[in-house]
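Next up, target-v7.pdb (PDB, C-alpha atoms, pLDDT in the B column):
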ATOM      1  CA  MET A  42     -21.449  26.213  11.286  1.00 91.00           C
ATOM      2  CA  LYS A  43     -18.576  24.116   9.948  1.00 89.00           C
ATOM      3  CA  ARG A  44     -18.820  22.046   6.793  1.00 88.00           C
ATOM      4  CA  GLN A  45     -20.173  18.526   7.416  1.00 86.00           C
ATOM      5  CA  ASP A  46     -19.055  16.619   4.291  1.00 84.00           C
ATOM      6  CA  TYR A  47     -15.279  16.853   4.773  1.00 87.00           C
ATOM      7  CA  LEU A  48     -13.056  13.768   4.503  1.00 91.00           C
ATOM      8  CA  LEU A  49     -12.412  11.782   7.663  1.00 93.00           C
ATOM      9  CA  TRP A  50      -8.760  10.892   8.371  1.00 96.00           C
ATOM     10  CA  ASP A  51      -9.167   7.292   7.170  1.00 96.00           C
ATOM     11  CA  GLU A  52     -10.877   8.480   3.986  1.00 95.00           C
ATOM     12  CA  TYR A  53      -8.160  11.043   3.374  1.00 96.00           C
ATOM     13  CA  PHE A  54      -5.263   8.617   3.832  1.00 97.00           C
ATOM     14  CA  MET A  55      -6.895   5.789   1.879  1.00 97.00           C
ATOM     15  CA  GLY A  56      -7.619   8.364  -0.824  1.00 96.00           C
ATOM     16  CA  ILE A  57      -3.895   9.211  -0.934  1.00 97.00           C
ATOM     17  CA  ALA A  58      -3.113   5.470  -1.240  1.00 98.00           C
ATOM     18  CA  GLU A  59      -5.679   5.151  -4.062  1.00 96.00           C
ATOM     19  CA  LEU A  60      -4.254   8.187  -5.853  1.00 97.00           C
ATOM     20  CA  SER A  61      -0.718   6.789  -5.480  1.00 98.00           C
ATOM     21  CA  ALA A  62      -1.873   3.511  -7.034  1.00 98.00           C
ATOM     22  CA  GLN A  63      -2.701   5.450 -10.186  1.00 97.00           C
ATOM     23  CA  ARG A  64       1.052   5.969 -10.715  1.00 97.00           C
ATOM     24  CA  SER A  65       1.543   2.207 -11.179  1.00 98.00           C
ATOM     25  CA  LYS A  66       2.196   1.038 -14.732  1.00 97.00           C
ATOM     26  CA  ASP A  67       1.247  -2.548 -13.889  1.00 97.00           C
ATOM     27  CA  PRO A  68      -1.490  -3.488 -16.386  1.00 96.00           C
ATOM     28  CA  SER A  69      -3.250  -5.903 -14.019  1.00 95.00           C
ATOM     29  CA  THR A  70      -2.857  -4.690 -10.420  1.00 95.00           C
ATOM     30  CA  GLN A  71      -2.331  -1.148  -9.184  1.00 98.00           C
ATOM     31  CA  VAL A  72      -1.562  -0.837  -5.484  1.00 98.00           C
ATOM     32  CA  GLY A  73      -0.887   2.268  -3.405  1.00 98.00           C
ATOM     33  CA  ALA A  74       0.300   2.820   0.149  1.00 98.00           C
ATOM     34  CA  CYS A  75       0.449   5.798   2.498  1.00 98.00           C
ATOM     35  CA  ILE A  76       2.381   5.805   5.792  1.00 98.00           C
ATOM     36  CA  VAL A  77       1.063   8.149   8.480  1.00 98.00           C
ATOM     37  CA  SER A  78       2.442   9.225  11.858  1.00 98.00           C
ATOM     38  CA  GLU A  79       0.586   8.876  15.138  1.00 96.00           C
ATOM     39  CA  ASN A  80      -0.459  12.544  14.825  1.00 97.00           C
ATOM     40  CA  ASN A  81      -1.849  12.158  11.273  1.00 98.00           C
ATOM     41  CA  LYS A  82       1.076  13.505   9.281  1.00 97.00           C
ATOM     42  CA  ILE A  83       1.853  11.811   5.966  1.00 98.00           C
ATOM     43  CA  LEU A  84       5.361  10.367   6.178  1.00 98.00           C
ATOM     44  CA  SER A  85       5.649   8.579   2.849  1.00 98.00           C
ATOM     45  CA  VAL A  86       3.740   7.123  -0.089  1.00 98.00           C
ATOM     46  CA  GLY A  87       4.447   4.352  -2.574  1.00 98.00           C
ATOM     47  CA  TYR A  88       3.002   2.329  -5.418  1.00 98.00           C
ATOM     48  CA  ASN A  89       3.922  -0.928  -7.121  1.00 98.00           C
ATOM     49  CA  GLY A  90       6.477  -0.459  -9.860  1.00 97.00           C
ATOM     50  CA  MET A  91       9.945  -1.226 -11.098  1.00 97.00           C
ATOM     51  CA  PRO A  92      12.936  -0.226  -8.952  1.00 96.00           C
ATOM     52  CA  ARG A  93      14.601   3.083  -9.679  1.00 94.00           C
ATOM     53  CA  ASP A  94      16.722   3.037 -12.852  1.00 96.00           C
ATOM     54  CA  CYS A  95      15.094  -0.214 -14.045  1.00 97.00           C
ATOM     55  CA  SER A  96      13.104   0.803 -17.092  1.00 96.00           C
ATOM     56  CA  ASP A  97       9.484  -0.286 -17.025  1.00 92.00           C
ATOM     57  CA  ASP A  98       9.733  -0.403 -20.820  1.00 95.00           C
ATOM     58  CA  ILE A  99      12.405  -3.138 -20.642  1.00 96.00           C
ATOM     59  CA  PHE A 100      11.405  -5.258 -17.652  1.00 97.00           C
ATOM     60  CA  PRO A 101       8.384  -7.586 -18.010  1.00 96.00           C
ATOM     61  CA  TRP A 102       4.832  -6.928 -16.825  1.00 96.00           C
ATOM     62  CA  GLU A 103       3.501 -10.401 -17.690  1.00 96.00           C
ATOM     63  CA  ARG A 104       1.853 -12.545 -15.025  1.00 95.00           C
ATOM     64  CA  GLU A 105       2.536 -15.923 -16.622  1.00 96.00           C
ATOM     65  CA  GLY A 106       5.588 -17.580 -18.119  1.00 96.00           C
ATOM     66  CA  SER A 107       9.031 -18.443 -16.820  1.00 96.00           C
ATOM     67  CA  SER A 108      10.017 -16.541 -13.665  1.00 96.00           C
ATOM     68  CA  LEU A 109      12.437 -14.191 -15.418  1.00 97.00           C
ATOM     69  CA  ASP A 110       9.800 -13.337 -18.021  1.00 96.00           C
ATOM     70  CA  THR A 111       7.181 -12.224 -15.471  1.00 97.00           C
ATOM     71  CA  LYS A 112       6.921  -9.179 -13.235  1.00 97.00           C
ATOM     72  CA  TYR A 113       7.206 -11.036  -9.927  1.00 95.00           C
ATOM     73  CA  PHE A 114      11.000 -11.015  -9.566  1.00 96.00           C
ATOM     74  CA  PHE A 115      11.213  -7.336 -10.496  1.00 97.00           C
ATOM     75  CA  VAL A 116       8.301  -5.254  -9.213  1.00 97.00           C
ATOM     76  CA  CYS A 117       8.703  -3.440  -5.905  1.00 98.00           C
ATOM     77  CA  HIS A 118       5.409  -3.523  -3.995  1.00 98.00           C
ATOM     78  CA  ALA A 119       3.692  -0.332  -2.829  1.00 98.00           C
ATOM     79  CA  GLU A 120       4.236  -0.987   0.890  1.00 98.00           C
ATOM     80  CA  LEU A 121       7.963  -1.634   0.467  1.00 98.00           C
ATOM     81  CA  ASN A 122       8.269   1.391  -1.813  1.00 98.00           C
ATOM     82  CA  ALA A 123       6.611   3.599   0.816  1.00 98.00           C
ATOM     83  CA  ILE A 124       8.986   2.291   3.504  1.00 98.00           C
ATOM     84  CA  LEU A 125      12.041   2.773   1.281  1.00 97.00           C
ATOM     85  CA  ASN A 126      10.866   6.242   0.163  1.00 96.00           C
ATOM     86  CA  PHE A 127      10.743   7.457   3.779  1.00 98.00           C
ATOM     87  CA  ARG A 128      13.645   9.802   4.504  1.00 94.00           C
ATOM     88  CA  GLY A 129      12.821  10.831   8.060  1.00 88.00           C
ATOM     89  CA  GLY A 130      13.782   9.261  11.363  1.00 90.00           C
ATOM     90  CA  SER A 131      11.780   6.297  12.589  1.00 95.00           C
ATOM     91  CA  LEU A 132       8.504   4.744  11.417  1.00 98.00           C
ATOM     92  CA  GLU A 133       7.944   3.346  14.919  1.00 98.00           C
ATOM     93  CA  GLY A 134       4.264   3.553  15.873  1.00 98.00           C
ATOM     94  CA  SER A 135       3.081   4.709  12.448  1.00 98.00           C
ATOM     95  CA  ARG A 136       0.178   3.335  10.394  1.00 98.00           C
ATOM     96  CA  ILE A 137       0.188   2.218   6.779  1.00 98.00           C
ATOM     97  CA  TYR A 138      -2.878   2.566   4.567  1.00 98.00           C
ATOM     98  CA  THR A 139      -2.753   0.175   1.643  1.00 98.00           C
ATOM     99  CA  THR A 140      -5.183  -0.652  -1.118  1.00 98.00           C
ATOM    100  CA  LEU A 141      -4.279  -4.368  -0.949  1.00 98.00           C
ATOM    101  CA  PHE A 142      -3.438  -6.541   2.065  1.00 98.00           C
ATOM    102  CA  PRO A 143       0.370  -6.919   2.253  1.00 98.00           C
ATOM    103  CA  CYS A 144       2.168 -10.010   0.994  1.00 97.00           C
ATOM    104  CA  ASN A 145       4.557 -11.911   3.271  1.00 98.00           C
ATOM    105  CA  GLU A 146       7.618 -10.020   1.971  1.00 97.00           C
ATOM    106  CA  CYS A 147       6.029  -6.625   2.631  1.00 98.00           C
ATOM    107  CA  ALA A 148       4.789  -7.884   6.002  1.00 98.00           C
ATOM    108  CA  LYS A 149       8.398  -8.507   7.067  1.00 98.00           C
ATOM    109  CA  ALA A 150       9.393  -4.974   6.040  1.00 98.00           C
ATOM    110  CA  ILE A 151       6.363  -3.482   7.815  1.00 98.00           C
ATOM    111  CA  ILE A 152       7.215  -5.318  11.021  1.00 98.00           C
ATOM    112  CA  GLN A 153      10.941  -4.510  10.840  1.00 98.00           C
ATOM    113  CA  SER A 154      10.254  -0.804  10.241  1.00 98.00           C
ATOM    114  CA  GLY A 155       8.108  -0.523  13.380  1.00 98.00           C
ATOM    115  CA  ILE A 156       4.771   0.217  11.711  1.00 98.00           C
ATOM    116  CA  SER A 157       2.133  -0.715  14.285  1.00 98.00           C
ATOM    117  CA  GLU A 158      -1.057  -0.871  12.207  1.00 98.00           C
ATOM    118  CA  ILE A 159      -2.114  -1.651   8.659  1.00 98.00           C
ATOM    119  CA  ILE A 160      -5.396  -0.360   7.295  1.00 98.00           C
ATOM    120  CA  TYR A 161      -6.207  -2.245   4.098  1.00 98.00           C
ATOM    121  CA  LYS A 162      -8.943  -1.782   1.517  1.00 97.00           C
ATOM    122  CA  SER A 163      -8.920  -5.202  -0.190  1.00 96.00           C
ATOM    123  CA  ASN A 164      -7.810  -8.659   0.861  1.00 97.00           C
ATOM    124  CA  LYS A 165      -8.543 -10.420  -2.417  1.00 95.00           C
ATOM    125  CA  TYR A 166      -5.750 -12.946  -1.807  1.00 95.00           C
ATOM    126  CA  LEU A 167      -7.066 -14.049   1.602  1.00 97.00           C
ATOM    127  CA  GLY A 168      -6.456 -17.779   1.986  1.00 96.00           C
ATOM    128  CA  THR A 169      -3.261 -17.807  -0.083  1.00 97.00           C
ATOM    129  CA  GLU A 170      -0.073 -18.944   1.609  1.00 97.00           C
ATOM    130  CA  SER A 171       1.456 -15.472   1.267  1.00 97.00           C
ATOM    131  CA  VAL A 172      -1.400 -13.709   3.076  1.00 98.00           C
ATOM    132  CA  THR A 173      -1.672 -16.501   5.645  1.00 98.00           C
ATOM    133  CA  ALA A 174       2.033 -16.017   6.421  1.00 98.00           C
ATOM    134  CA  SER A 175       1.514 -12.234   6.656  1.00 98.00           C
ATOM    135  CA  ILE A 176      -1.327 -12.656   9.130  1.00 98.00           C
ATOM    136  CA  ARG A 177       0.725 -15.059  11.262  1.00 98.00           C
ATOM    137  CA  MET A 178       3.654 -12.635  11.382  1.00 98.00           C
ATOM    138  CA  PHE A 179       1.453  -9.594  12.089  1.00 98.00           C
ATOM    139  CA  GLU A 180      -0.277 -11.437  14.930  1.00 98.00           C
ATOM    140  CA  ALA A 181       3.045 -12.602  16.413  1.00 98.00           C
ATOM    141  CA  ALA A 182       4.531  -9.090  16.179  1.00 98.00           C
ATOM    142  CA  GLY A 183       1.426  -7.342  17.509  1.00 98.00           C
ATOM    143  CA  VAL A 184       0.735  -5.374  14.326  1.00 98.00           C
ATOM    144  CA  LYS A 185      -2.922  -4.398  14.236  1.00 98.00           C
ATOM    145  CA  MET A 186      -4.781  -5.331  11.018  1.00 98.00           C
ATOM    146  CA  THR A 187      -7.778  -3.137  10.291  1.00 98.00           C
ATOM    147  CA  PRO A 188     -10.045  -3.508   7.262  1.00 98.00           C
ATOM    148  CA  TYR A 189     -10.849  -0.103   5.806  1.00 97.00           C
ATOM    149  CA  ASN A 190     -14.435   0.786   6.584  1.00 90.00           C
ATOM    150  CA  SER A 191     -15.560   2.448   3.402  1.00 81.00           C
ATOM    151  CA  GLY A 192     -18.475   4.790   3.624  1.00 75.00           C
ATOM    152  CA  ASN A 193     -18.786   4.385  -0.154  1.00 78.00           C
ATOM    153  CA  LYS A 194     -17.932   8.043  -0.511  1.00 81.00           C
ATOM    154  CA  LYS A 195     -17.172   9.011  -4.085  1.00 83.00           C
ATOM    155  CA  LEU A 196     -14.630  11.732  -4.716  1.00 82.00           C
ATOM    156  CA  VAL A 197     -14.026  13.116  -8.175  1.00 85.00           C
ATOM    157  CA  ILE A 198     -10.778  14.923  -8.843  1.00 85.00           C
ATOM    158  CA  GLU A 199     -10.378  16.766 -12.098  1.00 87.00           C
ATOM    159  CA  LEU A 200      -6.769  17.282 -13.157  1.00 87.00           C
TER     160      LEU A 200
END

Transcribe the structure of this file into C-alpha cells.
Amino acid sequence: MKRQDYLLWDEYFMGIAELSAQRSKDPSTQVGACIVSENNKILSVGYNGMPRDCSDDIFPWEREGSSLDTKYFFVCHAELNAILNFRGGSLEGSRIYTTLFPCNECAKAIIQSGISEIIYKSNKYLGTESVTASIRMFEAAGVKMTPYNSGNKKLVIEL
C-alpha cells in the first residue's frame, strides 16, 4: 500500500514558495513565489530582495521616511523575481504560487508573461488600491485567482 501522508501538489509548491521566502532579508515582510508548468514542473522561484549587484547592506530596508530612504523604490518583489529568474521558453499557461497576493506592478508582469493562475496564501492587503487594481487587471485578463486551501499541515525541515 502506498504512503498516505505525502504532500499534495499545492502543498508542495506553496512549500517551495514558503521556503524561498526564507531567503528574503526584509526585516518586516518575507514573500516567496514558485512558478509551475501545466504538468507540475517547477520553472522558477523568487523572493523579495534587492536587485542583483545592489547590496542589501547599503540600500534601505525601512518602511517609513522619505521615498529614497525606504525599501519601496528598491526591492524587487518575489513574483517579479521569479518571472525574471526564468530562463526557459514561455511562461504561457503556467501557475504562480505566492505567499502574498500580488501588488499591481507584479500583476502587470504576471499578465504580460502569460501566467494563467495565481495561487496565493495571504491577501493581507485586500482593500488597498494596489490589490484592487491587481484584481481588476486579473479579471480583465482572465487570470484565475485561487486562495491557497491550507490543510494546516505542518512540515519540519532540519537543515

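Going from CA of Tyr88 (chain A) to CA of Leu141 (chain A) covers 10.9 Å.
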
Exercise: residues within 12 Å of coordinate (2.8, -6.7, 16.0), counting only C-alpha atoms, as a ChimeraX atom specification | /A:133-136,148-149,151-159,175-186

Applied to this file, what does the PyMOL selection byres ((chain A and resi 117-123) around 7) return in terms of residues, put as number ranges by chain?
-> A: 72-76, 85-92, 115-116, 124-127, 147, 150

Kindly provide the residues of region 104-143 of chain A that approach region 52-56 of chain A to within 8 Å, each paired with its closest atom pair and their distance in Å to one decimal, based on all atoms listed in the file, listed by chain and increasing number, as a tab-separated table.
residue	atom	partner	partner_atom	distance
A:Tyr138	CA	A:Met55	CA	5.8
A:Thr139	CA	A:Met55	CA	7.0
A:Thr140	CA	A:Met55	CA	7.3

Restricting the output to C-alpha atoms, write the selected residues as an mmCIF file, in the frame of the given file.
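Writing done, so here's result_32.cif:
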data_model
loop_
_atom_site.group_PDB
_atom_site.id
_atom_site.type_symbol
_atom_site.label_atom_id
_atom_site.label_comp_id
_atom_site.auth_asym_id
_atom_site.auth_seq_id
_atom_site.Cartn_x
_atom_site.Cartn_y
_atom_site.Cartn_z
ATOM 1 C CA TYR A 138 -2.878 2.566 4.567
ATOM 2 C CA THR A 139 -2.753 0.175 1.643
ATOM 3 C CA THR A 140 -5.183 -0.652 -1.118
#

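Note that the spacing between CA of Pro68 (chain A) and CA of Lys112 (chain A) amounts to 10.6 Å.
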
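The gap separating CA of Ser65 (chain A) from CA of Ser107 (chain A) is 22.7 Å, in Å to one decimal.
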
Which is closer to Ser131 (chain A) than all the others in A:Glu79, A:Asp46, A:Glu199, A:Asp51, using only C-alpha atoms?
->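 Using only C-alpha atoms, the shortest distance to Ser131 (chain A) belongs to A:Glu79.
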
Would you kindly return, as an mmCIF file with C-alpha atoms, keeping the file's coordinate frame, each protein, DNA or RNA residue with an atom no farther than 8 Å from any atom of Pro188 (chain A), considering all atoms listed in the file and excluding same-chain residues fewer than 2 positions away?
data_model
loop_
_atom_site.group_PDB
_atom_site.id
_atom_site.type_symbol
_atom_site.label_atom_id
_atom_site.label_comp_id
_atom_site.auth_asym_id
_atom_site.auth_seq_id
_atom_site.Cartn_x
_atom_site.Cartn_y
_atom_site.Cartn_z
ATOM 1 C CA ILE A 160 -5.396 -0.360 7.295
ATOM 2 C CA TYR A 161 -6.207 -2.245 4.098
ATOM 3 C CA LYS A 162 -8.943 -1.782 1.517
ATOM 4 C CA SER A 163 -8.920 -5.202 -0.190
ATOM 5 C CA MET A 186 -4.781 -5.331 11.018
ATOM 6 C CA ASN A 190 -14.435 0.786 6.584
#

When distances are computed from all atoms listed in the file, which of A:Ile99, A:Leu49, A:Ala58, A:Leu167 shows the smallest separation from Lys194 (chain A)?
-> A:Leu49

Output, as lines of an AutoDock Vina configuration file, the centre and edge lengths in Å (one decimal) of the axis-aligned box that contains all listed atoms of region 91-103 of chain A with 4 Å of margin on each side.
center_x = 10.1
center_y = -3.7
center_z = -14.9
size_x = 21.2
size_y = 21.5
size_z = 19.9

Residues returned when the PyMOL selection byres ((chain A and resi 103) around 12) runs on this file, as a PyMOL selection string = chain A and resi 66-70+97+99-102+104-116

Counting only C-alpha atoms, figure out which residue out of A:Ala62, A:Ile83, A:Cys144, A:Val77 gets nearest to Ala174 (chain A).
->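 Closest to Ala174 (chain A), using only C-alpha atoms: A:Cys144.
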
For region 84-143 of chain A in the structure I just supplied, write out C-alpha atoms - as a PDB file, in the first residue's frame.
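The resulting file, selection.pdb, is shown below:
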ATOM      1  CA  LEU A  84      10.015  26.583 -13.748  1.00  0.00           C
ATOM      2  CA  SER A  85      11.328  29.282 -11.432  1.00  0.00           C
ATOM      3  CA  VAL A  86      11.325  30.625  -7.884  1.00  0.00           C
ATOM      4  CA  GLY A  87      11.821  34.063  -6.371  1.00  0.00           C
ATOM      5  CA  TYR A  88      11.721  36.054  -3.164  1.00  0.00           C
ATOM      6  CA  ASN A  89      11.589  39.744  -2.309  1.00  0.00           C
ATOM      7  CA  GLY A  90      15.012  41.330  -2.205  1.00  0.00           C
ATOM      8  CA  MET A  91      17.351  43.872  -3.692  1.00  0.00           C
ATOM      9  CA  PRO A  92      18.226  43.636  -7.397  1.00  0.00           C
ATOM     10  CA  ARG A  93      21.383  41.800  -8.351  1.00  0.00           C
ATOM     11  CA  ASP A  94      24.561  43.771  -7.590  1.00  0.00           C
ATOM     12  CA  CYS A  95      22.665  46.190  -5.309  1.00  0.00           C
ATOM     13  CA  SER A  96      23.997  45.449  -1.852  1.00  0.00           C
ATOM     14  CA  ASP A  97      21.324  44.781   0.738  1.00  0.00           C
ATOM     15  CA  ASP A  98      23.794  46.204   3.258  1.00  0.00           C
ATOM     16  CA  ILE A  99      23.747  49.606   1.507  1.00  0.00           C
ATOM     17  CA  PHE A 100      20.171  50.003   0.285  1.00  0.00           C
ATOM     18  CA  PRO A 101      17.448  50.774   2.869  1.00  0.00           C
ATOM     19  CA  TRP A 102      15.036  48.304   4.461  1.00  0.00           C
ATOM     20  CA  GLU A 103      12.984  50.932   6.321  1.00  0.00           C
ATOM     21  CA  ARG A 104       9.233  51.173   5.786  1.00  0.00           C
ATOM     22  CA  GLU A 105       8.836  54.827   6.743  1.00  0.00           C
ATOM     23  CA  GLY A 106      10.630  58.023   5.812  1.00  0.00           C
ATOM     24  CA  SER A 107      11.307  59.823   2.558  1.00  0.00           C
ATOM     25  CA  SER A 108      10.886  57.635  -0.538  1.00  0.00           C
ATOM     26  CA  LEU A 109      14.610  57.262  -1.207  1.00  0.00           C
ATOM     27  CA  ASP A 110      15.208  56.236   2.405  1.00  0.00           C
ATOM     28  CA  THR A 111      12.706  53.349   2.337  1.00  0.00           C
ATOM     29  CA  LYS A 112      12.765  49.953   0.662  1.00  0.00           C
ATOM     30  CA  TYR A 113       9.856  50.582  -1.710  1.00  0.00           C
ATOM     31  CA  PHE A 114      11.791  52.089  -4.627  1.00  0.00           C
ATOM     32  CA  PHE A 115      14.450  49.378  -4.453  1.00  0.00           C
ATOM     33  CA  VAL A 116      13.094  45.953  -3.507  1.00  0.00           C
ATOM     34  CA  CYS A 117      12.200  43.538  -6.292  1.00  0.00           C
ATOM     35  CA  HIS A 118       9.085  41.572  -5.327  1.00  0.00           C
ATOM     36  CA  ALA A 119       9.069  37.766  -5.237  1.00  0.00           C
ATOM     37  CA  GLU A 120       6.687  37.361  -8.189  1.00  0.00           C
ATOM     38  CA  LEU A 121       8.723  39.653 -10.444  1.00  0.00           C
ATOM     39  CA  ASN A 122      11.938  37.967  -9.321  1.00  0.00           C
ATOM     40  CA  ALA A 123      10.513  34.547 -10.218  1.00  0.00           C
ATOM     41  CA  ILE A 124       9.472  35.814 -13.666  1.00  0.00           C
ATOM     42  CA  LEU A 125      12.861  37.441 -14.279  1.00  0.00           C
ATOM     43  CA  ASN A 126      14.739  34.368 -12.979  1.00  0.00           C
ATOM     44  CA  PHE A 127      13.035  32.132 -15.560  1.00  0.00           C
ATOM     45  CA  ARG A 128      15.468  31.177 -18.321  1.00  0.00           C
ATOM     46  CA  GLY A 129      13.306  28.814 -20.351  1.00  0.00           C
ATOM     47  CA  GLY A 130      10.936  29.494 -23.218  1.00  0.00           C
ATOM     48  CA  SER A 131       7.456  30.734 -22.413  1.00  0.00           C
ATOM     49  CA  LEU A 132       5.513  31.003 -19.146  1.00  0.00           C
ATOM     50  CA  GLU A 133       2.247  30.816 -21.104  1.00  0.00           C
ATOM     51  CA  GLY A 134      -0.331  28.745 -19.217  1.00  0.00           C
ATOM     52  CA  SER A 135       1.770  28.357 -16.070  1.00  0.00           C
ATOM     53  CA  ARG A 136       0.690  28.919 -12.458  1.00  0.00           C
ATOM     54  CA  ILE A 137       2.381  31.023  -9.807  1.00  0.00           C
ATOM     55  CA  TYR A 138       2.221  30.113  -6.124  1.00  0.00           C
ATOM     56  CA  THR A 139       2.866  33.120  -3.927  1.00  0.00           C
ATOM     57  CA  THR A 140       2.789  33.650  -0.195  1.00  0.00           C
ATOM     58  CA  LEU A 141       1.224  37.119  -0.611  1.00  0.00           C
ATOM     59  CA  PHE A 142      -1.351  38.348  -3.136  1.00  0.00           C
ATOM     60  CA  PRO A 143       0.489  40.252  -5.904  1.00  0.00           C
TER      61      PRO A 143
END
